[in-house]
Protein chains: 4
Amino acid sequence: MKQEQAARFSASLAPALLRDLDQMTTEKGYSNRSLAIADMIRDHLVEHRQKFGNEEIAGTITLVYDHHKQHVQATLTDIQHDHHDVIISTLHVHLDHHNCLEVLVVRGKASQIRSIADELVAAKGVKHGKLTVTTTGKDLPV
Amino acid sequence: MKQEQAARFSASLAPALLRDLDQMTTEKGYSNRSLAIADMIRDHLVEHRQKFGNEEIAGTITLVYDHHKQHVQATLTDIQHDHHDVIISTLHVHLDHHNCLEVLVVRGKASQIRSIADELVAAKGVKHGKLTVTTTGKDLPV
Amino acid sequence: MKQEQAARFSASLAPALLRDLDQMTTEKGYSNRSLAIADMIRDHLVEHRQKFGNEEIAGTITLVYDHHKQHVQATLTDIQHDHHDVIISTLHVHLDHHNCLEVLVVRGKASQIRSIADELVAAKGVKHGKLTVTTTGKDLPV
Amino acid sequence: MKQEQAARFSASLAPALLRDLDQMTTEKGYSNRSLAIADMIRDHLVEHRQKFGNEEIAGTITLVYDHHKQHVQATLTDIQHDHHDVIISTLHVHLDHHNCLEVLVVRGKASQIRSIADELVAAKGVKHGKLTVTTTGKDLPV
């Protein structure tokens, strides 16, 4: 497969930055600098592409809340069912007698995903919420 | 950069990834690839240097990978079982014939969780991975 | 039934459920509804009388319910949090605008798990629930 | 809502069976006999309908296996990806260093679901596997 052969390129950096990169590469357990750089590029590509609202993305929405708080669970479930076409499933972990961690796996247009996440995170009773954007894997070379 | 002359280095990437990088470099308005890469490295250094100590956190680790790639799944499962005390459970979604999205719910010492996440994200074959830190809910008033 | 004369009793059901029962009674070839109901009861008695002791088991509890029904979700969550030591995590799938499928992964003493499952399945608003007992894998050679 | 008014019906049972039913009703925590009977009927309807291959069902497939056994995980993942249209998602719990419990949430034609379950349960290295059939909730009155 000709296309898959690795392409070499060169770039220039401040020497201190290059040293820091190499140290981080080692600390994170990459076997070489190219693999670390490839992961960074993919990470930034994912971030960059989600700005275009029509791009299809996958992601997770992480929520922590106290299920004893009035209505919080009913509210979250209602929002989720309104969007059951983009929410693939939800994993619920009972952290303790009060606190729940819920993580939703979502897939759809970036703009829609962001707006669902905003709605969930803003819901009364949610202690902490976060959208993590990732890729559907389709257009991300490895 | 008066104090230190720029250092040249070279790396190798999949050609498709290099093309994607160059397109993003242009779209983001960088005048050359080196500047874009320098910014990415600094961004990841900031994240890498965040202190993770002995405090207990909860979080999710999101991974996207192609399960057909040699050994990637076995590697990920081995890492996960080595740490089954802090990994509560893993939700696996089959995005398409090739791509998997996996989200792990974790809970434990911040430093340990960070190091597991680094190991998983750096594993060969993982297209994109991300640690999302949240709270166990205990010390976060709402 | 020479020894004991049959006892008549009455019960009330949603009319749609009564119609479905009668259709199934016919399709299964019972000559009347009482015979069908007697078989069902015996079937459930056999299951109910299985001994569940102190041995450690793993299992799943599968529940389908309409989250719009008054209180059903709050009830289920309360029960789950009361037993968060044996419920590892819960996967929630939004089947449609009304219906939820929830599957709990549980691990603990057989008798305790059976009693949690009974409580969840009997909760008002649960359309269908089922405990599936499996192994922790420890004492089962392959 | 006229349709929703409960319908009364009567049936006759051996007195001993009626007593056993009432005892089970109490032990399982139902507040009355009608609720217990309704749950039994729904349970049998779910079982009965899945015999018709084209009926749409939901369900869970529970698997326990040792992920160190040669190829078992790759085999299970390959089977799952071949059917990613009916497998909504998979929850993976690391029971200990060796044993995994995996539960798949599935939805589709009864015949197809049964054949996927058979394939997974029969896979070499699976210690115990079980298909639990439930309902999509659509045609099951509560």
# chains A, B, ... in the order shown; residues from 1 in each chain; ligands from 1
>>> residues_around(residues="region 129-134 of chain D", least_positions_apart="2", cutoff="7 Å", atoms="only C-alpha atoms", output="NGL selection string")
(:C and (128)) or (:D and (46 or 57-64 or 117 or 121 or 126-127 or 136))
>>> closest_atom_pairs(of="region 25-96 of chain B", to="region 11-15 of chain A", cutoff="9 Å", atoms="only C-alpha atoms", output="CSV")
residue,atom,partner,partner_atom,distance
B:Arg33,CA,A:Ala11,CA,7.1
B:Ser34,CA,A:Ala11,CA,5.1
B:Leu35,CA,A:Leu13,CA,8.0
B:Ile37,CA,A:Ala11,CA,8.2
B:Ala38,CA,A:Leu13,CA,6.5
>>> write_last_selection(atoms="N, CA, C and O atoms", output="PDB file, in the first residue's frame")
ATOM      1  N   ARG B  33       3.811  25.687   9.111  1.00  0.00           N
ATOM      2  CA  ARG B  33       3.526  24.469   9.873  1.00  0.00           C
ATOM      3  C   ARG B  33       4.237  24.464  11.232  1.00  0.00           C
ATOM      4  O   ARG B  33       3.698  23.982  12.233  1.00  0.00           O
ATOM      5  N   SER B  34       5.446  25.021  11.267  1.00  0.00           N
ATOM      6  CA  SER B  34       6.221  25.002  12.528  1.00  0.00           C
ATOM      7  C   SER B  34       5.495  25.776  13.623  1.00  0.00           C
ATOM      8  O   SER B  34       5.470  25.352  14.790  1.00  0.00           O
ATOM      9  N   LEU B  35       4.926  26.912  13.254  1.00  0.00           N
ATOM     10  CA  LEU B  35       4.225  27.719  14.251  1.00  0.00           C
ATOM     11  C   LEU B  35       3.005  26.975  14.796  1.00  0.00           C
ATOM     12  O   LEU B  35       2.702  27.017  15.996  1.00  0.00           O
ATOM     13  N   ILE B  37       2.620  23.728  14.939  1.00  0.00           N
ATOM     14  CA  ILE B  37       3.076  22.626  15.793  1.00  0.00           C
ATOM     15  C   ILE B  37       3.540  23.153  17.151  1.00  0.00           C
ATOM     16  O   ILE B  37       3.243  22.567  18.203  1.00  0.00           O
ATOM     17  N   ALA B  38       4.240  24.285  17.152  1.00  0.00           N
ATOM     18  CA  ALA B  38       4.714  24.865  18.420  1.00  0.00           C
ATOM     19  C   ALA B  38       3.530  25.168  19.338  1.00  0.00           C
ATOM     20  O   ALA B  38       3.568  24.885  20.545  1.00  0.00           O
TER      21      ALA B  38
END
>>> closest_atom_pairs(of="chain D", to="chain B", cutoff="12 Å", atoms="only C-alpha atoms", output="tab-separated table")
residue	atom	partner	partner_atom	distance
D:Asp66	CA	B:His81	CA	10.8
D:His67	CA	B:Thr77	CA	7.7
D:His68	CA	B:Asp78	CA	8.4
D:Lys69	CA	B:Ala74	CA	10.6
D:Gln70	CA	B:Ala74	CA	10.0
D:His71	CA	B:Ala74	CA	9.0
D:Val72	CA	B:Ala74	CA	10.0
D:Gln73	CA	B:Ala74	CA	7.5
D:Ala74	CA	B:Gln73	CA	7.5
D:Thr75	CA	B:His67	CA	11.0
D:Leu76	CA	B:His67	CA	11.2
D:Thr77	CA	B:His67	CA	7.7
D:Asp78	CA	B:His67	CA	8.3
D:Ile79	CA	B:His97	CA	10.2
D:Gln80	CA	B:His94	CA	7.7
D:His81	CA	B:His97	CA	5.3
D:Asp82	CA	B:His97	CA	6.6
D:His83	CA	B:His97	CA	8.5
D:His84	CA	B:His94	CA	5.8
D:Asp85	CA	B:Asp96	CA	8.5
D:Val86	CA	B:His94	CA	10.2
D:Ile87	CA	B:His94	CA	7.8
D:Ile88	CA	B:Val93	CA	7.1
D:Ser89	CA	B:Val93	CA	4.8
D:Thr90	CA	B:His92	CA	4.9
D:Leu91	CA	B:Leu91	CA	4.5
D:His92	CA	B:Thr90	CA	4.9
D:Val93	CA	B:Ser89	CA	4.8
D:His94	CA	B:His84	CA	5.8
D:Leu95	CA	B:His84	CA	7.5
D:Asp96	CA	B:His84	CA	6.6
D:His97	CA	B:His81	CA	5.3
D:His98	CA	B:His81	CA	7.4
D:Asn99	CA	B:His81	CA	8.8
D:Cys100	CA	B:His81	CA	8.9
D:Leu101	CA	B:Ser89	CA	9.8
D:Glu102	CA	B:Thr90	CA	9.3
D:Val103	CA	B:Leu91	CA	9.6
D:Leu104	CA	B:His92	CA	9.1
D:Val105	CA	B:Val93	CA	10.3
D:Val106	CA	B:Val93	CA	11.8
>>> select_by_dssp(residues="chain D", states="strand (DSSP E or B)", output="short mmCIF file (atom, residue, chain, number, x, y, z; two decimals) with all heavy atoms, in the first residue's frame")
data_model
loop_
_atom_site.label_atom_id
_atom_site.label_comp_id
_atom_site.auth_asym_id
_atom_site.auth_seq_id
_atom_site.Cartn_x
_atom_site.Cartn_y
_atom_site.Cartn_z
N ALA D 7 -60.11 -3.45 33.88
CA ALA D 7 -61.16 -4.43 33.60
C ALA D 7 -61.09 -5.55 34.65
O ALA D 7 -60.01 -6.07 34.92
CB ALA D 7 -60.95 -5.02 32.20
N ARG D 8 -62.23 -5.87 35.23
CA ARG D 8 -62.26 -6.97 36.21
C ARG D 8 -62.52 -8.28 35.49
O ARG D 8 -63.32 -8.35 34.58
CB ARG D 8 -63.37 -6.74 37.24
CG ARG D 8 -62.84 -6.03 38.49
CD ARG D 8 -63.65 -6.27 39.74
NE ARG D 8 -62.98 -7.12 40.71
CZ ARG D 8 -61.83 -6.84 41.30
NH1 ARG D 8 -61.18 -5.75 40.99
NH2 ARG D 8 -61.30 -7.66 42.17
N PHE D 9 -61.85 -9.31 35.91
CA PHE D 9 -62.14 -10.63 35.37
C PHE D 9 -62.00 -11.62 36.51
O PHE D 9 -61.41 -11.32 37.54
CB PHE D 9 -61.16 -11.00 34.23
CG PHE D 9 -59.80 -11.37 34.72
CD1 PHE D 9 -59.40 -12.70 34.85
CD2 PHE D 9 -58.89 -10.38 35.07
CE1 PHE D 9 -58.14 -13.04 35.33
CE2 PHE D 9 -57.63 -10.71 35.55
CZ PHE D 9 -57.26 -12.04 35.67
N SER D 10 -62.58 -12.80 36.32
CA SER D 10 -62.40 -13.80 37.37
C SER D 10 -61.89 -15.11 36.78
O SER D 10 -62.05 -15.38 35.58
CB SER D 10 -63.69 -14.02 38.15
OG SER D 10 -64.62 -14.69 37.33
N ALA D 11 -61.24 -15.89 37.58
CA ALA D 11 -60.69 -17.17 37.14
C ALA D 11 -60.73 -18.12 38.31
O ALA D 11 -60.94 -17.71 39.44
CB ALA D 11 -59.25 -16.97 36.66
N SER D 12 -60.55 -19.40 38.04
CA SER D 12 -60.56 -20.33 39.16
C SER D 12 -59.26 -21.12 39.20
O SER D 12 -58.70 -21.49 38.17
CB SER D 12 -61.76 -21.28 39.06
OG SER D 12 -61.67 -22.03 37.88
N LEU D 13 -58.79 -21.34 40.40
CA LEU D 13 -57.53 -22.04 40.62
C LEU D 13 -57.70 -23.05 41.73
O LEU D 13 -58.60 -22.91 42.57
CB LEU D 13 -56.46 -21.05 41.10
CG LEU D 13 -55.96 -19.98 40.14
CD1 LEU D 13 -55.04 -19.03 40.86
CD2 LEU D 13 -55.24 -20.63 38.95
N GLU D 56 -40.25 -7.41 16.64
CA GLU D 56 -39.12 -6.62 17.13
C GLU D 56 -39.01 -6.77 18.65
O GLU D 56 -39.99 -6.54 19.35
CB GLU D 56 -39.28 -5.14 16.77
CG GLU D 56 -37.97 -4.39 16.98
CD GLU D 56 -38.13 -2.88 17.05
OE1 GLU D 56 -39.22 -2.40 17.41
OE2 GLU D 56 -37.15 -2.17 16.75
N ILE D 57 -37.86 -7.16 19.11
CA ILE D 57 -37.66 -7.27 20.55
C ILE D 57 -36.44 -6.44 20.98
O ILE D 57 -35.61 -6.06 20.17
CB ILE D 57 -37.44 -8.73 21.02
CG1 ILE D 57 -36.22 -9.33 20.30
CG2 ILE D 57 -38.66 -9.58 20.79
CD1 ILE D 57 -35.77 -10.65 20.89
N ALA D 58 -36.38 -6.17 22.27
CA ALA D 58 -35.16 -5.64 22.86
C ALA D 58 -34.64 -6.73 23.79
O ALA D 58 -35.39 -7.64 24.17
CB ALA D 58 -35.44 -4.36 23.63
N GLY D 59 -33.40 -6.65 24.16
CA GLY D 59 -32.88 -7.67 25.06
C GLY D 59 -31.47 -7.35 25.50
O GLY D 59 -30.90 -6.34 25.10
N THR D 60 -30.97 -8.22 26.37
CA THR D 60 -29.58 -8.10 26.78
C THR D 60 -28.91 -9.45 26.62
O THR D 60 -29.54 -10.49 26.81
CB THR D 60 -29.46 -7.65 28.26
OG1 THR D 60 -30.17 -8.59 29.09
CG2 THR D 60 -30.06 -6.28 28.47
N ILE D 61 -27.65 -9.41 26.25
CA ILE D 61 -26.86 -10.64 26.19
C ILE D 61 -25.73 -10.48 27.21
O ILE D 61 -24.96 -9.53 27.14
CB ILE D 61 -26.28 -10.87 24.77
CG1 ILE D 61 -27.42 -10.92 23.74
CG2 ILE D 61 -25.44 -12.14 24.72
CD1 ILE D 61 -26.95 -10.93 22.28
N THR D 62 -25.71 -11.37 28.19
CA THR D 62 -24.73 -11.31 29.27
C THR D 62 -23.65 -12.36 29.02
O THR D 62 -23.97 -13.52 28.79
CB THR D 62 -25.43 -11.59 30.62
OG1 THR D 62 -26.49 -10.64 30.78
CG2 THR D 62 -24.46 -11.45 31.78
N LEU D 63 -22.41 -11.96 29.06
CA LEU D 63 -21.29 -12.88 28.81
C LEU D 63 -20.23 -12.75 29.90
O LEU D 63 -19.90 -11.62 30.30
CB LEU D 63 -20.62 -12.53 27.47
CG LEU D 63 -21.49 -12.50 26.22
CD1 LEU D 63 -20.72 -11.87 25.06
CD2 LEU D 63 -21.93 -13.90 25.85
N VAL D 64 -19.72 -13.87 30.37
CA VAL D 64 -18.56 -13.83 31.28
C VAL D 64 -17.44 -14.62 30.62
O VAL D 64 -17.65 -15.73 30.14
CB VAL D 64 -18.90 -14.43 32.66
CG1 VAL D 64 -17.65 -14.53 33.54
CG2 VAL D 64 -19.94 -13.58 33.36
N TYR D 65 -16.27 -14.03 30.56
CA TYR D 65 -15.14 -14.72 29.93
C TYR D 65 -13.82 -14.24 30.51
O TYR D 65 -13.75 -13.20 31.16
CB TYR D 65 -15.15 -14.51 28.41
CG TYR D 65 -15.03 -13.08 27.96
CD1 TYR D 65 -13.78 -12.51 27.72
CD2 TYR D 65 -16.15 -12.28 27.80
CE1 TYR D 65 -13.67 -11.19 27.31
CE2 TYR D 65 -16.05 -10.96 27.40
CZ TYR D 65 -14.80 -10.42 27.16
OH TYR D 65 -14.69 -9.11 26.76
N ASP D 66 -12.80 -15.03 30.28
CA ASP D 66 -11.44 -14.69 30.71
C ASP D 66 -10.75 -14.03 29.52
O ASP D 66 -10.47 -14.68 28.51
CB ASP D 66 -10.71 -15.97 31.12
CG ASP D 66 -9.29 -15.69 31.57
OD1 ASP D 66 -8.76 -14.60 31.27
OD2 ASP D 66 -8.70 -16.57 32.22
N ILE D 87 -26.81 -4.01 17.79
CA ILE D 87 -26.21 -3.92 19.13
C ILE D 87 -26.06 -2.45 19.49
O ILE D 87 -25.26 -1.73 18.91
CB ILE D 87 -24.84 -4.63 19.16
CG1 ILE D 87 -25.03 -6.11 18.81
CG2 ILE D 87 -24.19 -4.47 20.54
CD1 ILE D 87 -23.75 -6.90 18.72
N ILE D 88 -26.86 -2.00 20.43
CA ILE D 88 -26.86 -0.57 20.76
C ILE D 88 -25.60 -0.19 21.50
O ILE D 88 -24.92 0.77 21.14
CB ILE D 88 -28.11 -0.21 21.60
CG1 ILE D 88 -29.38 -0.53 20.79
CG2 ILE D 88 -28.08 1.27 21.98
CD1 ILE D 88 -30.67 -0.34 21.56
N SER D 89 -25.26 -0.93 22.52
CA SER D 89 -23.96 -0.71 23.16
C SER D 89 -23.66 -1.83 24.12
O SER D 89 -24.50 -2.68 24.40
CB SER D 89 -23.89 0.64 23.85
OG SER D 89 -24.92 0.76 24.77
N THR D 90 -22.43 -1.84 24.60
CA THR D 90 -21.92 -2.94 25.40
C THR D 90 -21.29 -2.36 26.65
O THR D 90 -20.48 -1.46 26.56
CB THR D 90 -20.86 -3.72 24.59
OG1 THR D 90 -21.48 -4.23 23.42
CG2 THR D 90 -20.30 -4.87 25.40
N LEU D 91 -21.68 -2.89 27.78
CA LEU D 91 -21.10 -2.46 29.04
C LEU D 91 -20.15 -3.54 29.52
O LEU D 91 -20.51 -4.71 29.57
CB LEU D 91 -22.22 -2.24 30.06
CG LEU D 91 -21.81 -1.81 31.47
CD1 LEU D 91 -20.98 -0.56 31.45
CD2 LEU D 91 -23.06 -1.60 32.30
N HIS D 92 -18.95 -3.13 29.83
CA HIS D 92 -17.90 -4.07 30.17
C HIS D 92 -17.47 -3.81 31.60
O HIS D 92 -17.10 -2.69 31.95
CB HIS D 92 -16.73 -3.85 29.20
CG HIS D 92 -15.63 -4.84 29.32
ND1 HIS D 92 -15.35 -5.77 28.35
CD2 HIS D 92 -14.74 -5.05 30.30
CE1 HIS D 92 -14.32 -6.50 28.73
NE2 HIS D 92 -13.93 -6.08 29.91
N VAL D 93 -17.52 -4.83 32.43
CA VAL D 93 -17.10 -4.69 33.82
C VAL D 93 -15.93 -5.64 34.07
O VAL D 93 -15.99 -6.82 33.72
CB VAL D 93 -18.26 -5.00 34.79
CG1 VAL D 93 -17.78 -5.01 36.23
CG2 VAL D 93 -19.36 -3.96 34.63
N HIS D 94 -14.85 -5.10 34.63
CA HIS D 94 -13.68 -5.91 34.92
C HIS D 94 -13.88 -6.54 36.29
O HIS D 94 -13.68 -5.89 37.30
CB HIS D 94 -12.43 -5.03 34.90
CG HIS D 94 -12.35 -4.17 33.68
ND1 HIS D 94 -12.10 -4.70 32.43
CD2 HIS D 94 -12.54 -2.85 33.50
CE1 HIS D 94 -12.10 -3.72 31.54
NE2 HIS D 94 -12.38 -2.58 32.16
N ASN D 99 -11.33 -12.08 34.82
CA ASN D 99 -12.69 -12.25 34.35
C ASN D 99 -13.38 -10.94 33.99
O ASN D 99 -13.31 -9.96 34.72
CB ASN D 99 -13.51 -12.96 35.44
CG ASN D 99 -13.06 -14.40 35.59
OD1 ASN D 99 -13.25 -15.20 34.68
ND2 ASN D 99 -12.45 -14.72 36.72
N CYS D 100 -14.06 -10.97 32.87
CA CYS D 100 -14.84 -9.85 32.37
C CYS D 100 -16.31 -10.24 32.37
O CYS D 100 -16.66 -11.37 32.02
CB CYS D 100 -14.52 -9.59 30.90
SG CYS D 100 -12.82 -9.22 30.61
N LEU D 101 -17.17 -9.30 32.71
CA LEU D 101 -18.59 -9.47 32.47
C LEU D 101 -18.97 -8.42 31.43
O LEU D 101 -18.68 -7.24 31.60
CB LEU D 101 -19.39 -9.28 33.76
CG LEU D 101 -20.90 -9.55 33.66
CD1 LEU D 101 -21.45 -9.87 35.04
CD2 LEU D 101 -21.69 -8.40 33.07
N GLU D 102 -19.60 -8.88 30.37
CA GLU D 102 -19.99 -7.97 29.31
C GLU D 102 -21.48 -8.09 29.12
O GLU D 102 -22.01 -9.20 29.05
CB GLU D 102 -19.25 -8.34 28.02
CG GLU D 102 -18.75 -7.14 27.26
CD GLU D 102 -17.75 -7.50 26.20
OE1 GLU D 102 -18.18 -7.91 25.11
OE2 GLU D 102 -16.55 -7.39 26.45
N VAL D 103 -22.18 -6.98 29.05
CA VAL D 103 -23.60 -7.06 28.75
C VAL D 103 -23.91 -6.16 27.56
O VAL D 103 -23.57 -4.98 27.55
CB VAL D 103 -24.49 -6.76 30.00
CG1 VAL D 103 -24.09 -5.50 30.69
CG2 VAL D 103 -25.96 -6.70 29.64
N LEU D 104 -24.51 -6.77 26.54
CA LEU D 104 -24.85 -6.07 25.31
C LEU D 104 -26.33 -5.72 25.33
O LEU D 104 -27.16 -6.58 25.66
CB LEU D 104 -24.64 -6.98 24.10
CG LEU D 104 -23.23 -7.38 23.69
CD1 LEU D 104 -22.56 -8.28 24.69
CD2 LEU D 104 -23.29 -8.10 22.33
N VAL D 105 -26.65 -4.51 24.97
CA VAL D 105 -28.06 -4.16 24.79
C VAL D 105 -28.36 -4.26 23.30
O VAL D 105 -27.69 -3.65 22.47
CB VAL D 105 -28.37 -2.75 25.31
CG1 VAL D 105 -29.81 -2.39 25.02
CG2 VAL D 105 -28.09 -2.66 26.81
N VAL D 106 -29.37 -5.08 22.97
CA VAL D 106 -29.68 -5.34 21.57
C VAL D 106 -31.14 -5.02 21.28
O VAL D 106 -31.99 -5.00 22.16
CB VAL D 106 -29.43 -6.83 21.22
CG1 VAL D 106 -27.95 -7.14 21.19
CG2 VAL D 106 -30.13 -7.74 22.22
N ARG D 107 -31.40 -4.77 20.01
CA ARG D 107 -32.75 -4.46 19.59
C ARG D 107 -32.88 -4.80 18.12
O ARG D 107 -32.08 -4.34 17.31
CB ARG D 107 -33.00 -2.96 19.77
CG ARG D 107 -34.38 -2.57 19.36
CD ARG D 107 -34.51 -1.08 19.32
NE ARG D 107 -35.90 -0.71 19.18
CZ ARG D 107 -36.39 0.46 19.53
NH1 ARG D 107 -35.60 1.38 20.02
NH2 ARG D 107 -37.67 0.71 19.37
N GLY D 108 -33.88 -5.62 17.79
CA GLY D 108 -34.03 -6.00 16.40
C GLY D 108 -35.01 -7.15 16.27
O GLY D 108 -35.74 -7.46 17.20
N LYS D 109 -35.00 -7.78 15.11
CA LYS D 109 -35.88 -8.91 14.86
C LYS D 109 -35.49 -10.08 15.77
O LYS D 109 -34.31 -10.42 15.88
CB LYS D 109 -35.78 -9.38 13.41
CG LYS D 109 -36.53 -8.48 12.44
CD LYS D 109 -36.94 -9.23 11.17
CE LYS D 109 -35.78 -9.97 10.55
NZ LYS D 109 -36.17 -10.55 9.23
N VAL D 126 -15.86 -18.36 26.24
CA VAL D 126 -16.95 -17.78 27.02
C VAL D 126 -17.37 -18.79 28.09
O VAL D 126 -17.74 -19.92 27.78
CB VAL D 126 -18.15 -17.42 26.12
CG1 VAL D 126 -19.36 -17.02 26.96
CG2 VAL D 126 -17.77 -16.29 25.17
N LYS D 127 -17.28 -18.38 29.35
CA LYS D 127 -17.61 -19.28 30.45
C LYS D 127 -19.11 -19.44 30.63
O LYS D 127 -19.61 -20.50 30.94
CB LYS D 127 -17.03 -18.73 31.76
CG LYS D 127 -15.53 -18.79 31.83
CD LYS D 127 -15.04 -18.32 33.19
CE LYS D 127 -13.55 -18.56 33.34
NZ LYS D 127 -13.10 -18.26 34.71
N HIS D 128 -19.81 -18.34 30.49
CA HIS D 128 -21.26 -18.38 30.65
C HIS D 128 -21.88 -17.25 29.86
O HIS D 128 -21.38 -16.13 29.87
CB HIS D 128 -21.65 -18.24 32.13
CG HIS D 128 -23.11 -18.42 32.38
ND1 HIS D 128 -23.89 -17.48 32.97
CD2 HIS D 128 -23.94 -19.44 32.05
CE1 HIS D 128 -25.14 -17.91 33.03
NE2 HIS D 128 -25.20 -19.11 32.49
N GLY D 129 -22.94 -17.56 29.15
CA GLY D 129 -23.60 -16.53 28.36
C GLY D 129 -25.09 -16.76 28.36
O GLY D 129 -25.55 -17.90 28.47
N LYS D 130 -25.85 -15.70 28.22
CA LYS D 130 -27.30 -15.83 28.36
C LYS D 130 -27.98 -14.67 27.62
O LYS D 130 -27.60 -13.52 27.76
CB LYS D 130 -27.66 -15.74 29.84
CG LYS D 130 -28.96 -16.43 30.14
CD LYS D 130 -28.95 -17.14 31.46
CE LYS D 130 -30.21 -17.95 31.64
NZ LYS D 130 -29.96 -19.38 31.45
N LEU D 131 -29.01 -15.02 26.87
CA LEU D 131 -29.86 -14.00 26.25
C LEU D 131 -31.06 -13.75 27.14
O LEU D 131 -31.74 -14.69 27.54
CB LEU D 131 -30.33 -14.48 24.87
CG LEU D 131 -31.46 -13.66 24.20
CD1 LEU D 131 -30.98 -12.24 23.87
CD2 LEU D 131 -31.94 -14.36 22.92
N THR D 132 -31.29 -12.50 27.50
CA THR D 132 -32.50 -12.15 28.23
C THR D 132 -33.37 -11.33 27.30
O THR D 132 -32.97 -10.25 26.85
CB THR D 132 -32.14 -11.32 29.48
OG1 THR D 132 -31.23 -12.06 30.27
CG2 THR D 132 -33.38 -10.99 30.29
N VAL D 133 -34.54 -11.86 27.01
CA VAL D 133 -35.42 -11.17 26.08
C VAL D 133 -36.34 -10.25 26.86
O VAL D 133 -36.92 -10.63 27.86
CB VAL D 133 -36.24 -12.19 25.27
CG1 VAL D 133 -37.30 -11.49 24.43
CG2 VAL D 133 -35.32 -12.99 24.36
N THR D 134 -36.47 -9.04 26.39
CA THR D 134 -37.45 -8.15 26.99
C THR D 134 -38.21 -7.47 25.85
O THR D 134 -38.20 -7.95 24.72
CB THR D 134 -36.81 -7.16 28.00
OG1 THR D 134 -37.85 -6.40 28.59
CG2 THR D 134 -35.78 -6.27 27.37
#
>>> residues_around(residues="Met24 (chain D)", least_positions_apart="5", cutoff="10 Å", atoms="only C-alpha atoms", output="ChimeraX atom specification")
/C:41,44-45,48-49 /D:18-19,29-30,33,36
>>> write_last_selection(atoms="N, CA and C atoms", output="compact mmCIF listing (two decimals), in the first residue's frame")
# COMPACT_ATOMS: atom_id res chain seq x y z
N ILE C 41 -48.58 -19.09 36.95
CA ILE C 41 -48.27 -19.00 38.38
C ILE C 41 -47.27 -20.07 38.78
N HIS C 44 -43.80 -19.22 37.68
CA HIS C 44 -43.16 -18.20 38.51
C HIS C 44 -42.84 -18.72 39.91
N LEU C 45 -43.65 -19.65 40.40
CA LEU C 45 -43.35 -20.24 41.70
C LEU C 45 -42.03 -21.02 41.65
N HIS C 48 -39.36 -18.53 41.74
CA HIS C 48 -39.33 -17.84 43.02
C HIS C 48 -38.72 -18.71 44.12
N ARG C 49 -38.93 -20.03 44.00
CA ARG C 49 -38.49 -20.93 45.08
C ARG C 49 -37.05 -21.38 44.93
N LEU D 18 -53.72 -20.89 44.74
CA LEU D 18 -54.11 -19.51 45.06
C LEU D 18 -53.38 -19.04 46.32
N ARG D 19 -53.29 -19.96 47.31
CA ARG D 19 -52.55 -19.58 48.53
C ARG D 19 -51.07 -19.32 48.22
N GLY D 29 -43.21 -8.31 47.34
CA GLY D 29 -43.42 -6.90 47.63
C GLY D 29 -44.51 -6.21 46.80
N TYR D 30 -45.37 -6.96 46.14
CA TYR D 30 -46.49 -6.36 45.42
C TYR D 30 -47.55 -5.93 46.42
N ARG D 33 -52.67 -8.61 44.56
CA ARG D 33 -52.59 -9.76 43.68
C ARG D 33 -52.69 -9.38 42.20
N ALA D 36 -49.34 -8.39 40.78
CA ALA D 36 -48.47 -9.55 40.59
C ALA D 36 -48.88 -10.32 39.34
>>> atom_distance(atom1="CA of Leu17 (chain D)", atom2="CA of Met40 (chain D)")
14.7 Å
